[in-house]
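One file, protein35.txt, carrying compact mmCIF, C-alpha atoms:
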```
# COMPACT_ATOMS: atom_id res chain seq x y z
CA MET A 1 4.74 14.40 -20.76
CA ALA A 2 2.92 11.23 -19.84
CA THR A 3 -0.20 11.31 -17.71
CA THR A 4 -0.99 8.33 -15.52
CA THR A 5 -3.86 8.16 -13.10
CA ALA A 6 -4.57 5.69 -10.32
CA THR A 7 -8.01 5.24 -8.82
CA ILE A 8 -8.90 3.20 -5.78
CA THR A 9 -12.44 2.30 -4.78
CA LEU A 10 -13.63 0.88 -1.48
CA SER A 11 -17.23 -0.20 -1.10
CA SER A 12 -19.36 -2.25 1.22
CA ALA A 13 -23.12 -2.45 1.51
CA ASP A 14 -23.14 -4.38 4.75
CA LEU A 15 -20.11 -3.51 6.87
CA THR A 16 -21.66 -0.43 8.41
CA GLY A 17 -25.18 0.98 8.72
CA ASP A 18 -24.24 3.74 6.31
CA ALA A 19 -23.02 2.15 3.09
CA LEU A 20 -19.31 2.58 2.53
CA SER A 21 -18.47 3.99 -0.88
CA LEU A 22 -15.14 5.65 -1.49
CA SER A 23 -13.44 6.50 -4.74
CA THR A 24 -10.31 8.55 -5.00
CA THR A 25 -8.00 9.30 -7.92
CA ALA A 26 -4.44 10.57 -8.03
CA THR A 27 -2.47 11.75 -11.01
CA LEU A 28 0.96 10.21 -10.62
CA THR A 29 3.56 12.93 -10.80
CA LYS A 30 7.30 13.24 -10.31
CA GLY A 31 8.43 14.35 -6.86
CA GLY A 32 8.05 18.05 -6.26
CA THR A 33 6.54 18.83 -9.65
CA LEU A 34 3.27 18.51 -11.54
CA THR A 35 5.05 16.61 -14.33
CA GLY A 36 3.75 13.10 -14.83
CA LEU A 37 5.81 9.98 -14.17
CA ASP A 38 7.10 8.96 -17.55
CA GLN A 39 8.76 5.55 -17.23
CA THR A 40 7.35 2.13 -16.47
CA THR A 41 8.20 -1.53 -16.37
CA GLY A 42 4.78 -2.30 -17.82
CA VAL A 43 2.66 -4.93 -16.13
CA ALA A 44 4.98 -7.90 -15.66
CA ARG A 45 4.72 -11.37 -14.18
CA LYS A 46 7.32 -13.59 -12.54
CA PHE A 47 6.84 -17.31 -11.99
CA TYR A 48 8.58 -19.04 -9.09
CA SER A 49 8.74 -22.80 -9.31
CA SER A 50 10.12 -23.07 -5.78
CA ALA A 51 9.17 -21.30 -2.57
CA GLN A 52 11.14 -18.09 -2.21
CA ALA A 53 12.73 -16.38 0.79
CA ASN A 54 13.93 -12.79 0.67
CA THR A 55 13.99 -12.81 -3.12
CA THR A 56 14.37 -9.40 -4.72
CA LEU A 57 11.37 -8.55 -6.88
CA ILE A 58 12.17 -4.86 -7.37
CA ALA A 59 15.81 -3.80 -7.07
CA ALA A 60 16.41 -0.32 -5.69
CA ALA A 61 19.53 -0.08 -7.86
CA ASP A 62 17.26 0.14 -10.89
CA TYR A 63 15.60 3.31 -9.65
CA THR A 64 16.76 6.76 -8.57
CA ALA A 65 16.54 7.06 -4.79
CA GLY A 66 14.32 9.63 -3.15
CA ARG A 67 11.81 9.92 -5.96
CA ALA A 68 8.05 9.47 -6.22
CA HIS A 69 7.89 6.08 -7.90
CA LYS A 70 4.75 3.90 -7.55
CA VAL A 71 4.54 0.11 -7.21
CA TYR A 72 1.71 -2.36 -7.71
CA ILE A 73 2.15 -6.01 -6.67
CA LYS A 74 -0.40 -8.83 -6.93
CA ASN A 75 -0.52 -12.45 -5.84
CA THR A 76 -2.22 -14.16 -8.78
CA SER A 77 -2.84 -17.39 -6.87
CA THR A 78 -6.39 -18.66 -6.49
CA THR A 79 -5.53 -20.99 -3.62
CA ALA A 80 -6.63 -19.28 -0.42
CA SER A 81 -3.71 -20.49 1.70
CA GLU A 82 -1.00 -19.32 -0.69
CA TYR A 83 0.53 -16.00 0.27
CA ILE A 84 3.33 -13.65 -0.63
CA LYS A 85 5.09 -11.76 2.12
CA VAL A 86 6.36 -8.38 0.98
CA GLU A 87 9.49 -7.03 2.64
CA LEU A 88 11.58 -3.90 2.39
CA GLY A 89 15.35 -3.50 2.50
CA ALA A 90 18.28 -5.49 3.79
CA SER A 91 16.65 -5.98 7.18
CA ASN A 92 13.53 -7.38 5.50
CA LEU A 93 11.15 -4.97 7.14
CA SER A 94 7.79 -6.69 6.91
CA LEU A 95 5.31 -4.68 4.86
CA GLY A 96 2.44 -7.16 4.73
CA PHE A 97 0.94 -10.32 3.29
CA LEU A 98 -0.78 -10.75 -0.05
CA TYR A 99 -3.09 -13.75 0.00
CA ALA A 100 -4.68 -15.22 -3.10
CA GLY A 101 -5.92 -12.44 -5.36
CA ASP A 102 -4.73 -9.66 -3.05
CA TRP A 103 -2.80 -6.70 -4.38
CA MET A 104 -1.12 -3.61 -3.03
CA PHE A 105 -0.43 -0.14 -4.42
CA ILE A 106 2.21 1.93 -2.68
CA PRO A 107 4.52 4.87 -3.21
CA TYR A 108 8.13 3.77 -3.54
CA ASP A 109 11.16 5.95 -2.91
CA GLY A 110 13.66 3.62 -4.57
CA GLU A 111 15.91 3.48 -1.54
CA ASN A 112 15.46 -0.18 -0.59
CA ASP A 113 14.88 -3.40 -2.50
CA ILE A 114 11.38 -4.84 -2.37
CA ASP A 115 11.76 -8.53 -1.55
CA ILE A 116 9.21 -11.32 -1.38
CA ASP A 117 8.72 -14.64 0.34
CA THR A 118 6.34 -17.10 -1.30
CA SER A 119 4.53 -19.71 0.75
CA ASP A 120 4.40 -22.43 -1.88
CA VAL A 121 5.89 -23.72 -5.10
CA ASN A 122 4.61 -22.63 -8.51
CA MET A 123 3.44 -19.16 -7.58
CA THR A 124 3.19 -16.15 -9.88
CA VAL A 125 3.67 -12.53 -8.88
CA GLU A 126 2.39 -9.67 -11.02
CA TYR A 127 3.91 -6.26 -10.65
CA LEU A 128 4.18 -2.80 -12.15
CA VAL A 129 6.55 0.04 -11.42
CA ILE A 130 5.83 3.53 -12.69
CA TYR A 131 8.86 5.70 -12.12
CA GLU A 132 10.99 8.70 -12.89
CA ALA A 133 14.66 9.03 -13.69
CA MET B 1 -20.18 -11.64 7.82
CA ALA B 2 -19.88 -8.43 5.84
CA SER B 3 -17.70 -7.93 2.83
CA ILE B 4 -15.68 -5.13 1.35
CA ARG B 5 -14.84 -4.68 -2.30
CA VAL B 6 -11.63 -2.94 -3.27
CA GLY B 7 -10.73 -1.79 -6.75
CA LEU B 8 -7.67 -0.26 -8.34
CA THR B 9 -7.30 1.13 -11.82
CA VAL B 10 -4.12 2.54 -13.29
CA ASN B 11 -4.50 4.21 -16.66
CA SER B 12 -2.29 6.03 -19.08
CA SER B 13 -2.57 6.64 -22.76
CA ASP B 14 0.98 7.81 -23.21
CA VAL B 15 3.39 6.30 -20.69
CA LEU B 16 3.84 3.38 -23.08
CA SER B 17 3.41 3.19 -26.83
CA SER B 18 0.27 1.14 -26.18
CA PRO B 19 -2.29 2.21 -23.58
CA LEU B 20 -1.76 1.10 -20.00
CA ALA B 21 -5.05 0.01 -18.46
CA LEU B 22 -4.71 -2.02 -15.31
CA ALA B 23 -7.91 -2.86 -13.44
CA GLU B 24 -8.04 -5.08 -10.38
CA THR B 25 -10.70 -5.78 -7.79
CA PHE B 26 -11.14 -8.20 -4.97
CA SER B 27 -13.70 -8.81 -2.28
CA ALA B 28 -12.79 -9.75 1.26
CA ALA B 29 -14.97 -11.02 4.07
CA VAL B 30 -14.52 -8.63 6.99
CA ASP B 31 -16.46 -7.81 10.12
CA SER B 32 -15.00 -4.48 11.14
CA GLY B 33 -13.43 -1.28 9.88
CA SER B 34 -14.22 2.36 9.27
CA LEU B 35 -12.92 5.42 7.51
CA ILE B 36 -11.36 8.06 9.71
CA ARG B 37 -10.00 11.56 9.18
CA ALA B 38 -7.33 12.64 11.59
CA LYS B 39 -4.44 15.06 11.94
CA VAL B 40 -0.88 13.82 12.28
CA LYS B 41 0.91 15.80 14.95
CA GLY B 42 4.24 14.01 15.06
CA THR B 43 7.09 14.92 12.74
CA ALA B 44 9.67 12.52 14.19
CA ALA B 45 9.53 8.84 14.99
CA ASP B 46 8.29 8.03 18.49
CA THR B 47 7.15 11.58 19.16
CA ASP B 48 3.40 12.04 18.77
CA ASP B 49 3.08 9.35 16.09
CA LEU B 50 -0.48 8.66 15.04
CA LEU B 51 -1.28 4.99 15.62
CA VAL B 52 -3.47 3.88 12.72
CA TYR B 53 -3.29 0.16 13.48
CA LYS B 54 -2.54 -1.61 16.74
CA ALA B 55 -0.77 -4.97 16.50
CA ASN B 56 -3.17 -7.92 16.50
CA GLU B 57 -6.24 -5.69 16.42
CA LYS B 58 -7.34 -7.82 13.46
CA ASN B 59 -7.02 -11.53 12.91
CA ASP B 60 -5.18 -12.98 9.91
CA ARG B 61 -5.10 -9.87 7.76
CA ALA B 62 -5.60 -6.13 7.99
CA TYR B 63 -6.18 -4.06 4.87
CA LEU B 64 -5.00 -0.45 5.20
CA TYR B 65 -6.22 2.34 2.95
CA ILE B 66 -4.51 5.64 3.63
CA LYS B 67 -4.57 8.98 1.84
CA ASN B 68 -2.55 12.09 2.53
CA LEU B 69 -4.95 15.03 2.24
CA ALA B 70 -2.24 17.70 2.30
CA PRO B 71 -2.58 20.16 -0.58
CA GLU B 72 1.09 19.99 -1.57
CA LEU B 73 2.86 16.91 -2.89
CA GLU B 74 6.00 17.73 -0.86
CA GLN B 75 4.06 17.52 2.42
CA TYR B 76 4.77 13.86 3.09
CA ILE B 77 3.53 11.33 5.58
CA TYR B 78 5.58 8.29 6.53
CA LEU B 79 4.25 4.90 7.59
CA ARG B 80 6.26 3.21 10.32
CA ASN B 81 6.25 -0.27 11.70
CA GLU B 82 7.00 0.42 15.36
CA SER B 83 8.04 -3.11 16.18
CA GLU B 84 10.72 -3.11 13.48
CA GLY B 85 12.55 0.09 14.27
CA ASN B 86 12.17 3.63 13.05
CA ASN B 87 12.57 2.97 9.35
CA PRO B 88 9.58 4.16 7.34
CA SER B 89 8.00 1.60 5.06
CA SER B 90 6.16 4.11 2.87
CA LYS B 91 6.39 7.78 2.00
CA ILE B 92 3.14 9.27 0.72
CA GLY B 93 2.95 12.75 -0.78
CA GLY B 94 0.06 15.18 -0.51
CA GLY B 95 -2.92 14.00 -2.56
CA GLN B 96 -1.46 10.51 -2.93
CA PHE B 97 -2.73 7.26 -1.43
CA ALA B 98 -1.75 3.66 -0.77
CA PHE B 99 -3.50 0.38 -0.21
CA ILE B 100 -1.49 -2.18 1.77
CA PRO B 101 -2.38 -5.50 3.35
CA LEU B 102 -0.55 -4.92 6.64
CA ALA B 103 1.30 -7.51 8.65
CA PRO B 104 -1.51 -7.97 11.23
CA ASP B 105 0.84 -8.55 14.14
CA LYS B 106 2.70 -5.24 13.80
CA ASP B 107 1.77 -1.72 14.86
CA CYS B 108 1.43 0.81 12.08
CA GLU B 109 2.10 4.46 12.90
CA VAL B 110 2.26 7.66 10.90
CA VAL B 111 4.43 10.74 11.14
CA ALA B 112 4.46 13.72 8.79
CA THR B 113 6.81 16.40 7.56
CA LYS B 114 4.42 19.07 8.82
CA VAL B 115 2.48 19.26 12.09
CA ASP B 116 -1.27 18.69 11.75
CA THR B 117 -1.15 17.08 8.33
CA LEU B 118 -4.66 15.82 7.62
CA ILE B 119 -5.03 12.20 6.53
CA GLU B 120 -7.85 9.80 5.80
CA TYR B 121 -7.44 6.14 6.61
CA GLY B 122 -9.26 2.92 7.30
CA VAL B 123 -8.25 -0.56 8.40
CA PHE B 124 -10.53 -3.44 7.50
CA GLY B 125 -10.45 -7.04 8.65
CA ASN B 126 -11.79 -9.43 11.23
CA ASP B 127 -11.71 -7.94 14.69
CA ASN B 128 -9.67 -9.57 17.42
CA SER B 129 -11.76 -8.78 20.49
CA THR B 130 -8.88 -9.48 22.87
CA VAL B 131 -6.96 -6.47 21.59
CA SER B 132 -8.42 -3.02 21.95
CA GLY B 133 -7.09 0.44 21.30
CA LYS B 134 -9.05 1.66 24.30
CA GLY B 135 -8.23 1.42 27.96
```
Target format structure tokens, applied to this file:
Amino acid sequence: MATTTATITLSSADLTGDALSLSTTATLTKGGTLTGLDQTTGVARKFYSSAQANTTLIAAADYTAGRAHKVYIKNTSTTASEYIKVELGASNLSLGFLYAGDWMFIPYDGENDIDIDTSDVNMTVEYLVIYEA
Amino acid sequence: MASIRVGLTVNSSDVLSSPLALAETFSAAVDSGSLIRAKVKGTAADTDDLLVYKANEKNDRAYLYIKNLAPELEQYIYLRNESEGNNPSSKIGGGQFAFIPLAPDKDCEVVATKVDTLIEYGVFGNDNSTVSGKG
């Protein structure tokens, strides 16, 4: 059984009078069990030479629906104005915007494609899916 | 202007034949945000949803951190984007968390599979003073 952990930290010395310092860790397990997720795409990158609209980055058909998969997506751009819009499903439900250097980490149930729009040409998206059969 | 630093590490020694060790951080200039613990009462869309982010409360971008504090993985919470129907955009099990740069012009609401599911969340960004969650 594989064991994968994810840790997120949030810190700020100057946002509030009491310094913000949060760290939380989750062991990534299969839905309804304590067995670890055991399959992964590895950390992958896709390069888009042209601006994209509703382009499938992660296809639901590749994953069993209704499971406890996890997804990481990053905009590797260093140009502040360049963003990736992340969308869910055929209706392109807007999930949010990843500006230069931004990333997201979300649970993914494998029921809808994860699509992206890119704001500019020559953009690279980094992603990772950790999943179960 | 204040700043917030956000980090993510994903580690595994055995999910691949070589170790997986992903580490990412970024800093963002923000002027508002806080961490909150609250109970989610609603178990169906549009009935006692917990509003965690009000549309346009932040300018440009709104970073959401959310953790389901339920003790059991099967006790889920669902994130909903009110302005785009009742379809959940994320399903988070007990003990699990997510970090999402929200679409800043959309509401974000939470419902749960069990009444009074405890969550922890925070939304960080630059405050839009023309939009307030208060009366």
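Shortest separation to chain A among B:Ala38, B:Ala70, B:Ala62, B:Ala44 occurs at residue B:Ala62, atoms counted being only C-alpha atoms.
Of the residues under consideration (B:Ile4, B:Ala45, B:Ala29, B:Leu35), B:Ile4 shows the shortest atom-to-atom contact distance to chain A when counting all atoms listed in the file.
If we count only C-alpha atoms, these residues of chain A sit within 6 Å of chain B: A:Ala2, A:Thr3, A:Thr4, A:Thr5, A:Ala6, A:Thr7, A:Ile8, A:Thr9, A:Leu10, A:Ser11, A:Ser12, A:Asp14, A:Leu15, A:Ala26, A:Gly32, A:Asp38, A:Gly96, A:Phe97, A:Met104, A:Phe105, A:Ile106.
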Compile the contact shell of Ser94 (chain A) as a PDB file with C-alpha atoms, keeping the file's coordinate frame: residues with an atom at most 8 Å away, counting only C-alpha atoms, same-chain residues fewer than 5 positions apart removed.
```pdb
ATOM      1  CA  LYS A  85       5.090 -11.760   2.120  1.00  0.00           C
ATOM      2  CA  VAL A  86       6.360  -8.380   0.980  1.00  0.00           C
ATOM      3  CA  GLU A  87       9.490  -7.030   2.640  1.00  0.00           C
ATOM      4  CA  LEU A  88      11.580  -3.900   2.390  1.00  0.00           C
TER       5      LEU A  88
ATOM      6  CA  ALA B 103       1.300  -7.510   8.650  1.00  0.00           C
TER       7      ALA B 103
END
```
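Coordinates place CA of Val52 (chain B) at a distance of 9.4 Å from CA of Ile36 (chain B).
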